[in-house]
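Novice: The file below is my_file_25.pdb, PDB, C-alpha atoms and all ligand atoms:
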```
ATOM      1  CA  MET A  29     -61.999  -3.914 133.632  1.00  0.00           C
ATOM      2  CA  LYS A  30     -64.604  -5.814 131.639  1.00  0.00           C
ATOM      3  CA  ILE A  31     -66.215  -8.637 133.602  1.00  0.00           C
ATOM      4  CA  TYR A  32     -67.867 -11.163 131.317  1.00  0.00           C
ATOM      5  CA  TYR A  33     -70.506 -12.721 133.511  1.00  0.00           C
ATOM      6  CA  ASP A  34     -73.321 -15.209 133.809  1.00  0.00           C
ATOM      7  CA  PHE A  35     -75.126 -14.734 137.122  1.00  0.00           C
ATOM      8  CA  HIS A  36     -78.017 -17.187 136.604  1.00  0.00           C
ATOM      9  CA  ILE A  37     -77.035 -20.842 136.141  1.00  0.00           C
ATOM     10  CA  HIS A  38     -78.801 -23.980 137.414  1.00  0.00           C
ATOM     11  CA  SER A  39     -77.063 -27.194 138.429  1.00  0.00           C
ATOM     12  CA  CYS A  40     -78.326 -30.783 138.580  1.00  0.00           C
ATOM     13  CA  LEU A  41     -79.772 -29.884 141.990  1.00  0.00           C
ATOM     14  CA  SER A  42     -82.603 -27.981 140.312  1.00  0.00           C
ATOM     15  CA  PRO A  43     -85.200 -30.585 139.288  1.00  0.00           C
ATOM     16  CA  CYS A  44     -85.332 -28.971 135.838  1.00  0.00           C
ATOM     17  CA  GLY A  45     -81.501 -28.839 135.571  1.00  0.00           C
ATOM     18  CA  ASP A  46     -79.786 -31.443 133.395  1.00  0.00           C
ATOM     19  CA  ASP A  47     -77.884 -34.173 135.276  1.00  0.00           C
ATOM     20  CA  GLU A  48     -74.767 -33.046 133.373  1.00  0.00           C
ATOM     21  CA  MET A  49     -74.895 -29.662 135.128  1.00  0.00           C
ATOM     22  CA  THR A  50     -72.272 -30.725 137.672  1.00  0.00           C
ATOM     23  CA  PRO A  51     -69.825 -28.334 139.369  1.00  0.00           C
ATOM     24  CA  ASN A  52     -66.863 -29.261 137.142  1.00  0.00           C
ATOM     25  CA  ASN A  53     -68.880 -29.254 133.932  1.00  0.00           C
ATOM     26  CA  ILE A  54     -70.377 -25.834 134.709  1.00  0.00           C
ATOM     27  CA  VAL A  55     -67.091 -24.151 135.664  1.00  0.00           C
ATOM     28  CA  ASN A  56     -65.135 -25.742 132.810  1.00  0.00           C
ATOM     29  CA  MET A  57     -67.778 -24.651 130.317  1.00  0.00           C
ATOM     30  CA  ALA A  58     -67.705 -21.126 131.763  1.00  0.00           C
ATOM     31  CA  GLN A  59     -63.941 -21.055 131.329  1.00  0.00           C
ATOM     32  CA  LEU A  60     -64.194 -22.444 127.804  1.00  0.00           C
ATOM     33  CA  VAL A  61     -66.564 -19.694 126.658  1.00  0.00           C
ATOM     34  CA  GLY A  62     -64.420 -17.017 128.329  1.00  0.00           C
ATOM     35  CA  LEU A  63     -66.529 -15.963 131.319  1.00  0.00           C
ATOM     36  CA  SER A  64     -64.729 -14.339 134.238  1.00  0.00           C
ATOM     37  CA  ALA A  65     -67.531 -14.370 136.828  1.00  0.00           C
ATOM     38  CA  ILE A  66     -70.391 -16.814 137.352  1.00  0.00           C
ATOM     39  CA  ALA A  67     -73.083 -17.520 139.925  1.00  0.00           C
ATOM     40  CA  LEU A  68     -74.859 -20.761 140.750  1.00  0.00           C
ATOM     41  CA  THR A  69     -78.551 -20.098 141.308  1.00  0.00           C
ATOM     42  CA  ASP A  70     -80.585 -23.241 141.881  1.00  0.00           C
ATOM     43  CA  HIS A  71     -84.217 -22.937 142.885  1.00  0.00           C
ATOM     44  CA  ASN A  72     -84.489 -22.111 146.605  1.00  0.00           C
ATOM     45  CA  THR A  73     -81.177 -23.799 147.516  1.00  0.00           C
ATOM     46  CA  CYS A  74     -77.419 -23.230 147.667  1.00  0.00           C
ATOM     47  CA  GLY A  75     -76.725 -26.962 148.077  1.00  0.00           C
ATOM     48  CA  ASN A  76     -74.234 -27.299 145.198  1.00  0.00           C
ATOM     49  CA  CYS A  77     -72.507 -23.941 145.774  1.00  0.00           C
ATOM     50  CA  ALA A  78     -69.727 -25.246 148.039  1.00  0.00           C
ATOM     51  CA  ALA A  79     -68.568 -27.783 145.448  1.00  0.00           C
ATOM     52  CA  THR A  80     -68.848 -25.286 142.591  1.00  0.00           C
ATOM     53  CA  ALA A  81     -66.962 -22.632 144.584  1.00  0.00           C
ATOM     54  CA  ALA A  82     -64.097 -25.100 145.124  1.00  0.00           C
ATOM     55  CA  VAL A  83     -63.841 -25.832 141.396  1.00  0.00           C
ATOM     56  CA  ALA A  84     -64.082 -22.142 140.446  1.00  0.00           C
ATOM     57  CA  ARG A  85     -61.335 -21.273 142.938  1.00  0.00           C
ATOM     58  CA  GLU A  86     -59.054 -23.827 141.303  1.00  0.00           C
ATOM     59  CA  LEU A  87     -59.704 -22.472 137.801  1.00  0.00           C
ATOM     60  CA  GLY A  88     -59.480 -18.811 138.834  1.00  0.00           C
ATOM     61  CA  ILE A  89     -63.041 -17.827 137.950  1.00  0.00           C
ATOM     62  CA  THR A  90     -64.921 -15.438 140.255  1.00  0.00           C
ATOM     63  CA  PHE A  91     -67.805 -17.319 141.827  1.00  0.00           C
ATOM     64  CA  LEU A  92     -70.880 -15.925 143.566  1.00  0.00           C
ATOM     65  CA  PRO A  93     -72.928 -18.427 145.550  1.00  0.00           C
ATOM     66  CA  GLY A  94     -76.646 -17.780 145.348  1.00  0.00           C
ATOM     67  CA  MET A  95     -80.108 -19.041 144.571  1.00  0.00           C
ATOM     68  CA  GLU A  96     -83.122 -18.247 142.438  1.00  0.00           C
ATOM     69  CA  LEU A  97     -85.647 -17.616 145.163  1.00  0.00           C
ATOM     70  CA  CYS A  98     -89.295 -18.267 144.403  1.00  0.00           C
ATOM     71  CA  THR A  99     -91.186 -15.707 146.481  1.00  0.00           C
ATOM     72  CA  ALA A 100     -94.568 -16.217 148.126  1.00  0.00           C
ATOM     73  CA  GLU A 101     -96.083 -14.496 145.055  1.00  0.00           C
ATOM     74  CA  GLU A 102     -94.382 -17.040 142.734  1.00  0.00           C
ATOM     75  CA  ALA A 103     -91.947 -14.433 141.400  1.00  0.00           C
ATOM     76  CA  HIS A 104     -88.376 -15.519 140.688  1.00  0.00           C
ATOM     77  CA  VAL A 105     -85.673 -13.325 142.217  1.00  0.00           C
ATOM     78  CA  VAL A 106     -81.949 -14.069 141.873  1.00  0.00           C
ATOM     79  CA  CYS A 107     -80.088 -13.599 145.173  1.00  0.00           C
ATOM     80  CA  LEU A 108     -76.259 -13.520 145.205  1.00  0.00           C
ATOM     81  CA  PHE A 109     -73.788 -13.427 148.087  1.00  0.00           C
ATOM     82  CA  PRO A 110     -70.110 -12.577 148.553  1.00  0.00           C
ATOM     83  CA  THR A 111     -69.270 -15.744 150.513  1.00  0.00           C
ATOM     84  CA  LEU A 112     -70.470 -19.289 150.919  1.00  0.00           C
ATOM     85  CA  GLN A 113     -71.152 -18.651 154.571  1.00  0.00           C
ATOM     86  CA  ALA A 114     -73.449 -15.703 153.798  1.00  0.00           C
ATOM     87  CA  ALA A 115     -75.312 -17.743 151.166  1.00  0.00           C
ATOM     88  CA  GLN A 116     -75.775 -20.622 153.603  1.00  0.00           C
ATOM     89  CA  GLN A 117     -77.048 -18.289 156.322  1.00  0.00           C
ATOM     90  CA  PHE A 118     -79.571 -16.857 153.841  1.00  0.00           C
ATOM     91  CA  GLU A 119     -80.562 -20.395 152.845  1.00  0.00           C
ATOM     92  CA  ALA A 120     -81.112 -21.334 156.498  1.00  0.00           C
ATOM     93  CA  HIS A 121     -83.610 -18.478 156.611  1.00  0.00           C
ATOM     94  CA  ILE A 122     -85.448 -19.718 153.485  1.00  0.00           C
ATOM     95  CA  VAL A 123     -85.606 -23.474 154.127  1.00  0.00           C
ATOM     96  CA  PRO A 124     -88.122 -23.373 157.028  1.00  0.00           C
ATOM     97  CA  THR A 125     -90.534 -21.410 154.796  1.00  0.00           C
ATOM     98  CA  LEU A 126     -90.636 -24.057 152.022  1.00  0.00           C
ATOM     99  CA  PRO A 127     -93.684 -26.334 151.968  1.00  0.00           C
ATOM    100  CA  PRO A 128     -92.646 -29.915 152.820  1.00  0.00           C
ATOM    101  CA  ILE A 129     -93.759 -31.372 149.483  1.00  0.00           C
ATOM    102  CA  PRO A 130     -91.592 -34.357 148.479  1.00  0.00           C
ATOM    103  CA  ASN A 131     -89.951 -34.261 145.055  1.00  0.00           C
ATOM    104  CA  ARG A 132     -91.341 -36.661 142.463  1.00  0.00           C
ATOM    105  CA  PRO A 133     -88.237 -37.415 140.338  1.00  0.00           C
ATOM    106  CA  ASP A 134     -90.392 -39.252 137.789  1.00  0.00           C
ATOM    107  CA  ILE A 135     -92.309 -36.016 137.129  1.00  0.00           C
ATOM    108  CA  PHE A 136     -89.982 -33.151 138.021  1.00  0.00           C
ATOM    109  CA  GLY A 137     -86.503 -34.741 137.650  1.00  0.00           C
ATOM    110  CA  GLU A 138     -83.782 -35.625 140.151  1.00  0.00           C
ATOM    111  CA  GLN A 139     -82.389 -33.074 142.610  1.00  0.00           C
ATOM    112  CA  LEU A 140     -78.731 -34.168 142.801  1.00  0.00           C
ATOM    113  CA  LEU A 141     -76.169 -32.980 145.341  1.00  0.00           C
ATOM    114  CA  CYS A 142     -72.542 -33.263 144.177  1.00  0.00           C
ATOM    115  CA  ASP A 143     -69.097 -32.945 145.670  1.00  0.00           C
ATOM    116  CA  ALA A 144     -66.217 -31.047 144.032  1.00  0.00           C
ATOM    117  CA  GLU A 145     -65.288 -34.206 142.073  1.00  0.00           C
ATOM    118  CA  ASP A 146     -68.826 -34.322 140.605  1.00  0.00           C
ATOM    119  CA  GLN A 147     -69.559 -37.432 142.651  1.00  0.00           C
ATOM    120  CA  PRO A 148     -73.209 -37.714 143.745  1.00  0.00           C
ATOM    121  CA  MET A 149     -73.612 -37.100 147.484  1.00  0.00           C
ATOM    122  CA  GLY A 150     -77.325 -37.816 147.558  1.00  0.00           C
ATOM    123  CA  THR A 151     -80.550 -36.140 146.568  1.00  0.00           C
ATOM    124  CA  HIS A 152     -82.591 -33.281 147.966  1.00  0.00           C
ATOM    125  CA  ASP A 153     -85.939 -34.815 148.853  1.00  0.00           C
ATOM    126  CA  ILE A 154     -88.145 -31.735 149.265  1.00  0.00           C
ATOM    127  CA  LEU A 155     -89.359 -30.240 145.967  1.00  0.00           C
ATOM    128  CA  LEU A 156     -87.296 -27.100 145.393  1.00  0.00           C
ATOM    129  CA  THR A 157     -89.448 -25.287 142.832  1.00  0.00           C
ATOM    130  CA  THR A 158     -92.315 -24.334 145.143  1.00  0.00           C
ATOM    131  CA  ALA A 159     -93.076 -20.832 146.423  1.00  0.00           C
ATOM    132  CA  SER A 160     -91.193 -19.949 149.605  1.00  0.00           C
ATOM    133  CA  GLY A 161     -92.777 -17.944 152.400  1.00  0.00           C
ATOM    134  CA  ILE A 162     -90.653 -14.871 151.624  1.00  0.00           C
ATOM    135  CA  SER A 163     -92.623 -11.951 150.210  1.00  0.00           C
ATOM    136  CA  VAL A 164     -91.164 -10.096 147.243  1.00  0.00           C
ATOM    137  CA  ASP A 165     -91.396  -6.883 149.316  1.00  0.00           C
ATOM    138  CA  ASN A 166     -88.788  -8.274 151.696  1.00  0.00           C
ATOM    139  CA  VAL A 167     -86.281  -9.912 149.351  1.00  0.00           C
ATOM    140  CA  VAL A 168     -83.932  -6.980 148.766  1.00  0.00           C
ATOM    141  CA  ARG A 169     -83.734  -6.108 152.459  1.00  0.00           C
ATOM    142  CA  LEU A 170     -83.238  -9.757 153.411  1.00  0.00           C
ATOM    143  CA  ALA A 171     -80.507 -10.465 150.821  1.00  0.00           C
ATOM    144  CA  ARG A 172     -78.680  -7.261 151.775  1.00  0.00           C
ATOM    145  CA  SER A 173     -78.882  -8.134 155.461  1.00  0.00           C
ATOM    146  CA  PHE A 174     -76.631 -11.107 154.601  1.00  0.00           C
ATOM    147  CA  GLY A 175     -74.262  -8.891 152.569  1.00  0.00           C
ATOM    148  CA  GLY A 176     -75.820  -9.925 149.272  1.00  0.00           C
ATOM    149  CA  THR A 177     -77.895  -8.523 146.458  1.00  0.00           C
ATOM    150  CA  ALA A 178     -81.153  -9.430 144.726  1.00  0.00           C
ATOM    151  CA  PHE A 179     -82.510  -8.707 141.255  1.00  0.00           C
ATOM    152  CA  PRO A 180     -85.750  -9.804 139.581  1.00  0.00           C
ATOM    153  CA  ALA A 181     -85.215 -12.672 137.126  1.00  0.00           C
ATOM    154  CA  HIS A 182     -86.360 -12.640 133.483  1.00  0.00           C
ATOM    155  CA  ILE A 183     -88.771  -9.688 133.833  1.00  0.00           C
ATOM    156  CA  ASP A 184     -89.826 -10.119 130.192  1.00  0.00           C
ATOM    157  CA  ARG A 185     -91.143 -13.659 130.731  1.00  0.00           C
ATOM    158  CA  PRO A 186     -94.862 -14.261 131.061  1.00  0.00           C
ATOM    159  CA  SER A 187     -94.524 -16.635 134.016  1.00  0.00           C
ATOM    160  CA  TYR A 188     -92.654 -16.724 137.329  1.00  0.00           C
ATOM    161  CA  SER A 189     -91.400 -13.174 136.838  1.00  0.00           C
ATOM    162  CA  VAL A 190     -92.073 -10.257 139.175  1.00  0.00           C
ATOM    163  CA  THR A 191     -93.879  -8.491 136.332  1.00  0.00           C
ATOM    164  CA  ALA A 192     -96.136 -11.475 135.575  1.00  0.00           C
ATOM    165  CA  SER A 193     -96.844 -12.326 139.206  1.00  0.00           C
ATOM    166  CA  LEU A 194     -97.482  -8.738 140.357  1.00  0.00           C
ATOM    167  CA  GLY A 195     -98.862  -7.376 137.081  1.00  0.00           C
ATOM    168  CA  GLY A 196     -96.142  -4.741 136.874  1.00  0.00           C
ATOM    169  CA  LEU A 197     -92.881  -3.639 138.426  1.00  0.00           C
ATOM    170  CA  PRO A 198     -93.611  -1.717 141.632  1.00  0.00           C
ATOM    171  CA  PRO A 199     -90.682  -0.041 143.417  1.00  0.00           C
ATOM    172  CA  LEU A 200     -89.283  -2.966 145.403  1.00  0.00           C
ATOM    173  CA  GLY A 201     -85.753  -1.635 145.928  1.00  0.00           C
ATOM    174  CA  PHE A 202     -84.068  -3.571 143.115  1.00  0.00           C
ATOM    175  CA  ALA A 203     -80.969  -1.761 141.767  1.00  0.00           C
ATOM    176  CA  ALA A 204     -80.530  -4.067 138.742  1.00  0.00           C
ATOM    177  CA  VAL A 205     -82.872  -6.256 136.693  1.00  0.00           C
ATOM    178  CA  GLU A 206     -82.494  -9.300 134.477  1.00  0.00           C
ATOM    179  CA  ILE A 207     -83.886  -9.291 130.943  1.00  0.00           C
ATOM    180  CA  THR A 208     -83.636 -12.346 128.701  1.00  0.00           C
ATOM    181  CA  LYS A 209     -81.411 -12.374 125.646  1.00  0.00           C
ATOM    182  CA  ASN A 210     -84.319 -11.693 123.316  1.00  0.00           C
ATOM    183  CA  GLY A 211     -85.982  -9.051 125.498  1.00  0.00           C
ATOM    184  CA  ASN A 212     -86.718  -5.722 123.804  1.00  0.00           C
ATOM    185  CA  VAL A 213     -85.017  -3.202 126.082  1.00  0.00           C
ATOM    186  CA  ALA A 214     -86.666  -0.091 124.585  1.00  0.00           C
ATOM    187  CA  GLU A 215     -90.128  -1.635 124.877  1.00  0.00           C
ATOM    188  CA  LEU A 216     -89.486  -2.780 128.447  1.00  0.00           C
ATOM    189  CA  ALA A 217     -88.105   0.619 129.470  1.00  0.00           C
ATOM    190  CA  ALA A 218     -91.262   2.281 128.115  1.00  0.00           C
ATOM    191  CA  ARG A 219     -93.458  -0.152 130.019  1.00  0.00           C
ATOM    192  CA  TYR A 220     -91.397  -0.186 133.229  1.00  0.00           C
ATOM    193  CA  PRO A 221     -89.714   3.238 133.692  1.00  0.00           C
ATOM    194  CA  GLU A 222     -88.356   1.855 137.001  1.00  0.00           C
ATOM    195  CA  ILE A 223     -85.600   0.028 135.075  1.00  0.00           C
ATOM    196  CA  VAL A 224     -84.184   3.088 133.298  1.00  0.00           C
ATOM    197  CA  GLY A 225     -80.636   3.874 134.426  1.00  0.00           C
ATOM    198  CA  LYS A 226     -80.129   0.496 136.098  1.00  0.00           C
ATOM    199  CA  PRO A 227     -77.833  -2.287 134.915  1.00  0.00           C
ATOM    200  CA  LEU A 228     -79.971  -4.547 132.688  1.00  0.00           C
ATOM    201  CA  LEU A 229     -78.373  -7.939 133.183  1.00  0.00           C
ATOM    202  CA  GLN A 230     -78.402 -10.622 130.537  1.00  0.00           C
ATOM    203  CA  ASN A 231     -77.840 -14.071 132.022  1.00  0.00           C
ATOM    204  CA  SER A 232     -78.315 -17.486 130.476  1.00  0.00           C
ATOM    205  CA  ASP A 233     -80.640 -19.124 133.070  1.00  0.00           C
ATOM    206  CA  ALA A 234     -78.840 -22.248 131.808  1.00  0.00           C
ATOM    207  CA  HIS A 235     -80.357 -25.634 132.636  1.00  0.00           C
ATOM    208  CA  HIS A 236     -78.126 -27.453 130.108  1.00  0.00           C
ATOM    209  CA  LEU A 237     -74.397 -27.096 129.515  1.00  0.00           C
ATOM    210  CA  GLU A 238     -74.757 -25.740 125.997  1.00  0.00           C
ATOM    211  CA  ASP A 239     -77.019 -22.939 127.336  1.00  0.00           C
ATOM    212  CA  ILE A 240     -74.195 -21.290 129.301  1.00  0.00           C
ATOM    213  CA  GLN A 241     -73.791 -18.045 127.433  1.00  0.00           C
ATOM    214  CA  ASP A 242     -70.838 -16.801 125.422  1.00  0.00           C
ATOM    215  CA  ALA A 243     -68.747 -13.987 126.840  1.00  0.00           C
ATOM    216  CA  LEU A 244     -70.708 -11.048 125.374  1.00  0.00           C
ATOM    217  CA  PRO A 245     -72.560  -9.182 128.130  1.00  0.00           C
ATOM    218  CA  TYR A 246     -70.179  -7.521 130.538  1.00  0.00           C
ATOM    219  CA  LEU A 247     -69.977  -5.198 133.511  1.00  0.00           C
ATOM    220  CA  GLU A 248     -67.266  -2.550 133.652  1.00  0.00           C
ATOM    221  CA  LEU A 249     -65.885  -2.440 137.199  1.00  0.00           C
ATOM    222  CA  PRO A 250     -62.616  -1.659 139.003  1.00  0.00           C
ATOM    223  CA  ASP A 251     -62.072  -5.352 139.859  1.00  0.00           C
ATOM    224  CA  ASN A 252     -63.871  -8.676 139.657  1.00  0.00           C
ATOM    225  CA  SER A 253     -64.206  -9.519 143.344  1.00  0.00           C
ATOM    226  CA  PRO A 254     -67.605 -10.752 144.553  1.00  0.00           C
ATOM    227  CA  GLU A 255     -67.804  -7.737 146.903  1.00  0.00           C
ATOM    228  CA  THR A 256     -67.319  -5.242 144.051  1.00  0.00           C
ATOM    229  CA  ILE A 257     -69.857  -7.016 141.829  1.00  0.00           C
ATOM    230  CA  ILE A 258     -72.429  -7.077 144.635  1.00  0.00           C
ATOM    231  CA  ALA A 259     -71.849  -3.408 145.488  1.00  0.00           C
ATOM    232  CA  ALA A 260     -72.408  -2.542 141.806  1.00  0.00           C
ATOM    233  CA  LEU A 261     -75.604  -4.608 141.607  1.00  0.00           C
ATOM    234  CA  ASN A 262     -76.801  -2.850 144.772  1.00  0.00           C
ATOM    235  CA  GLY A 263     -76.281   0.530 143.107  1.00  0.00           C
ATOM    236  CA  GLU A 264     -73.540   1.468 145.568  1.00  0.00           C
ATOM    237  CA  LEU A 265     -70.848   1.684 142.896  1.00  0.00           C
ATOM    238  CA  PRO A 266     -70.956   3.177 139.406  1.00  0.00           C
ATOM    239  CA  CYS A 267     -71.157   0.316 136.948  1.00  0.00           C
ATOM    240  CA  GLY A 268     -70.810   0.312 133.186  1.00  0.00           C
ATOM    241  CA  TRP A 269     -72.683  -2.476 131.449  1.00  0.00           C
ATOM    242  CA  HIS A 270     -73.157  -3.865 127.990  1.00  0.00           C
ATOM    243  CA  ARG A 271     -75.578  -6.539 126.794  1.00  0.00           C
TER     244      ARG A 271
HETATM  245 ZN    ZN A 301     -86.828 -18.385 136.809  1.00  0.00          ZN
HETATM  246 ZN    ZN A 302     -83.609 -19.904 136.559  1.00  0.00          ZN
END
```
Hey, can you dump this file as structure tokens for me?
Specialist:
Amino acid sequence: MKIYYDFHIHSCLSPCGDDEMTPNNIVNMAQLVGLSAIALTDHNTCGNCAATAAVARELGITFLPGMELCTAEEAHVVCLFPTLQAAQQFEAHIVPTLPPIPNRPDIFGEQLLCDAEDQPMGTHDILLTTASGISVDNVVRLARSFGGTAFPAHIDRPSYSVTASLGGLPPLGFAAVEITKNGNVAELAARYPEIVGKPLLQNSDAHHLEDIQDALPYLELPDNSPETIIAALNGELPCGWHR
């Protein structure tokens, strides 16, 4: 079956995420544009995943809890998990490595926690966009140890990508990579032969509701369970893809 996906979406908990990126708004927009599987990937936190999972369950959309981890090298890596519990256990591993720098909402924006009714439950006070203490060498192993998967975000961007931060794409164990909508796949494949033969994911990296992408890129998989999607992104299952 074709699984129309968007595995990189920010909520109002990311300081750069619009305040309208609430659990209900995100899932309803995903349903409106025809997506069948989404992930919530705020910077270094899974704080709004429980509420978003509850809304997605109600609307029958596959939901993968996750985060966009900022590694010690300032490279963004999207980490996804099959269950809320696994995502929260991963998060508990990340949180102690974050520098205790308070957020400055006037500069960076609010970091809003919501419940499943989109009601504010408070704010996250530590700035979430800083580099964690997790090295990029360890991300794949760590995410998989919690039953999850990890892929490098926006490898064609000149900042906060593995390629920009490391000056290339060394073999780090990634079985899939994310390329932005406008990325030139042929050019990237010539520059980074490591990506050839892997699913090249196209996600929205939405920070605003209207950025959530239309149902165009898809994975071809036997079913749309989180476990099957994660196995495919880990290279453990043959996976057709189109972007
Ligand atoms: Zn990023
Ligand atoms: Zn992002």
Novice: Once the PyMOL selection byres (((not hetatm)) within 8 of (chain A and resi 302)) has been applied to the shown file, what residues remain in the selection, as a list in words?
Specialist: His36, Ile37, His38, Thr69, Asp70, His71, Glu96, His104, Ala181, Asp233, Ala234 and His235 of chain A
Novice: Any idea what's packed within 9 Å of Thr80 (chain A), counting all atoms listed in the file, ignoring anything in its chain fewer than 4 positions away? Could you give it as a ChimeraX atom specification?
Specialist: /A:50-52,54-55,68,76,84-85,91,93,142-144
Novice: Please evaluate the PyMOL selection byres (((chain A and resi 100) around 12) and not hetatm) against the structure above and give the resulting residues as a PyMOL selection string.
Specialist: chain A and resi 72+97-99+101-105+122+125-127+157-167+188+190+193-194
Novice: Quick one: which residues end up in the PyMOL selection byres (((chain A and resi 225) around 12) and not hetatm) for this structure, as an MDAnalysis selection string?
Specialist: chainID A and resid 202:205 213 217 220:224 226:228 263 266:269
Novice: Could you please determine the separation between CA of Met57 (chain A) and CA of Ala120 (chain A) in Å, to one decimal place?
Specialist: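 Separating CA of Met57 (chain A) from CA of Ala120 (chain A) is a distance of 29.6 Å.
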Novice: Would you mind telling me which residue in A:Ile183, A:Pro250, A:Gln113, A:His236 lies nearest to Arg219 (chain A) when using all atoms listed in the file?
Specialist: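 Nearest to Arg219 (chain A): A:Ile183.
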Novice: Can you pull out every residue within 9 Å of Leu265 (chain A), counting only C-alpha atoms, but drop anything in the same chain fewer than 6 positions away, and send it as a PyMOL selection string?
Specialist: chain A and resi 249+256-257+259
Novice: Would you list the contacts of Asn131 (chain A) as a PyMOL selection string, taking every protein, DNA or RNA residue within 9 Å and counting all atoms listed in the file, but skipping same-chain residues closer than 5 positions in sequence?
Specialist: chain A and resi 43+136-139+152-156
Novice: Quick one: residues within 8 Å of region 86-89 of chain A, only C-alpha atoms, excluding same-chain residues fewer than 4 positions away - as a ChimeraX atom specification?
Specialist: /A:55,59,63-66,82
Novice: Smallest atom-to-atom distance to ligand ZN 301 (chain A): which of A:Gln147, A:Thr111, A:Asn53, A:Asn231, using all atoms listed in the file?
Specialist: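 Smallest distance to ligand ZN 301 (chain A) is found for A:Asn231.
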Novice: Restricting the calculation to all atoms listed in the file, which member of A:Leu41, A:Cys77, A:Ile135, A:Leu200 is positioned closest to Leu112 (chain A)?
Specialist: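 Using all atoms listed in the file, Leu112 (chain A) sits closest to A:Cys77.
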Novice: Restore N, CA and C atoms in region 53-69 of chain A and list the result as an mmCIF file, keeping the file's coordinate frame.
Specialist:
```
data_model
loop_
_atom_site.group_PDB
_atom_site.id
_atom_site.type_symbol
_atom_site.label_atom_id
_atom_site.label_comp_id
_atom_site.auth_asym_id
_atom_site.auth_seq_id
_atom_site.Cartn_x
_atom_site.Cartn_y
_atom_site.Cartn_z
ATOM 1 N N ASN A 53 -68.406 -29.540 135.286
ATOM 2 C CA ASN A 53 -68.880 -29.254 133.932
ATOM 3 C C ASN A 53 -69.266 -27.784 133.780
ATOM 4 N N ILE A 54 -69.941 -27.240 134.785
ATOM 5 C CA ILE A 54 -70.377 -25.834 134.709
ATOM 6 C C ILE A 54 -69.170 -24.898 134.659
ATOM 7 N N VAL A 55 -68.221 -25.088 135.583
ATOM 8 C CA VAL A 55 -67.091 -24.151 135.664
ATOM 9 C C VAL A 55 -66.181 -24.308 134.440
ATOM 10 N N ASN A 56 -65.970 -25.540 133.999
ATOM 11 C CA ASN A 56 -65.135 -25.742 132.810
ATOM 12 C C ASN A 56 -65.780 -25.133 131.567
ATOM 13 N N MET A 57 -67.091 -25.268 131.458
ATOM 14 C CA MET A 57 -67.778 -24.651 130.317
ATOM 15 C C MET A 57 -67.670 -23.136 130.386
ATOM 16 N N ALA A 58 -67.818 -22.586 131.591
ATOM 17 C CA ALA A 58 -67.705 -21.126 131.763
ATOM 18 C C ALA A 58 -66.319 -20.654 131.336
ATOM 19 N N GLN A 59 -65.314 -21.434 131.702
ATOM 20 C CA GLN A 59 -63.941 -21.055 131.329
ATOM 21 C C GLN A 59 -63.752 -21.159 129.813
ATOM 22 N N LEU A 60 -64.312 -22.212 129.243
ATOM 23 C CA LEU A 60 -64.194 -22.444 127.804
ATOM 24 C C LEU A 60 -64.784 -21.294 126.988
ATOM 25 N N VAL A 61 -65.925 -20.774 127.428
ATOM 26 C CA VAL A 61 -66.564 -19.694 126.658
ATOM 27 C C VAL A 61 -66.015 -18.321 127.041
ATOM 28 N N GLY A 62 -65.107 -18.272 128.025
ATOM 29 C CA GLY A 62 -64.420 -17.017 128.329
ATOM 30 C C GLY A 62 -65.054 -16.145 129.400
ATOM 31 N N LEU A 63 -65.916 -16.754 130.238
ATOM 32 C CA LEU A 63 -66.529 -15.963 131.319
ATOM 33 C C LEU A 63 -65.524 -15.740 132.438
ATOM 34 N N SER A 64 -65.624 -14.584 133.110
ATOM 35 C CA SER A 64 -64.729 -14.339 134.238
ATOM 36 C C SER A 64 -65.446 -14.344 135.578
ATOM 37 N N ALA A 65 -66.780 -14.320 135.562
ATOM 38 C CA ALA A 65 -67.531 -14.370 136.828
ATOM 39 C C ALA A 65 -68.847 -15.106 136.596
ATOM 40 N N ILE A 66 -69.126 -16.073 137.468
ATOM 41 C CA ILE A 66 -70.391 -16.814 137.352
ATOM 42 C C ILE A 66 -71.053 -16.941 138.721
ATOM 43 N N ALA A 67 -72.354 -17.226 138.686
ATOM 44 C CA ALA A 67 -73.083 -17.520 139.925
ATOM 45 C C ALA A 67 -73.870 -18.805 139.722
ATOM 46 N N LEU A 68 -74.002 -19.575 140.785
ATOM 47 C CA LEU A 68 -74.859 -20.761 140.750
ATOM 48 C C LEU A 68 -76.149 -20.411 141.480
ATOM 49 N N THR A 69 -77.271 -20.573 140.775
ATOM 50 C CA THR A 69 -78.551 -20.098 141.308
ATOM 51 C C THR A 69 -79.636 -21.162 141.140
#
```
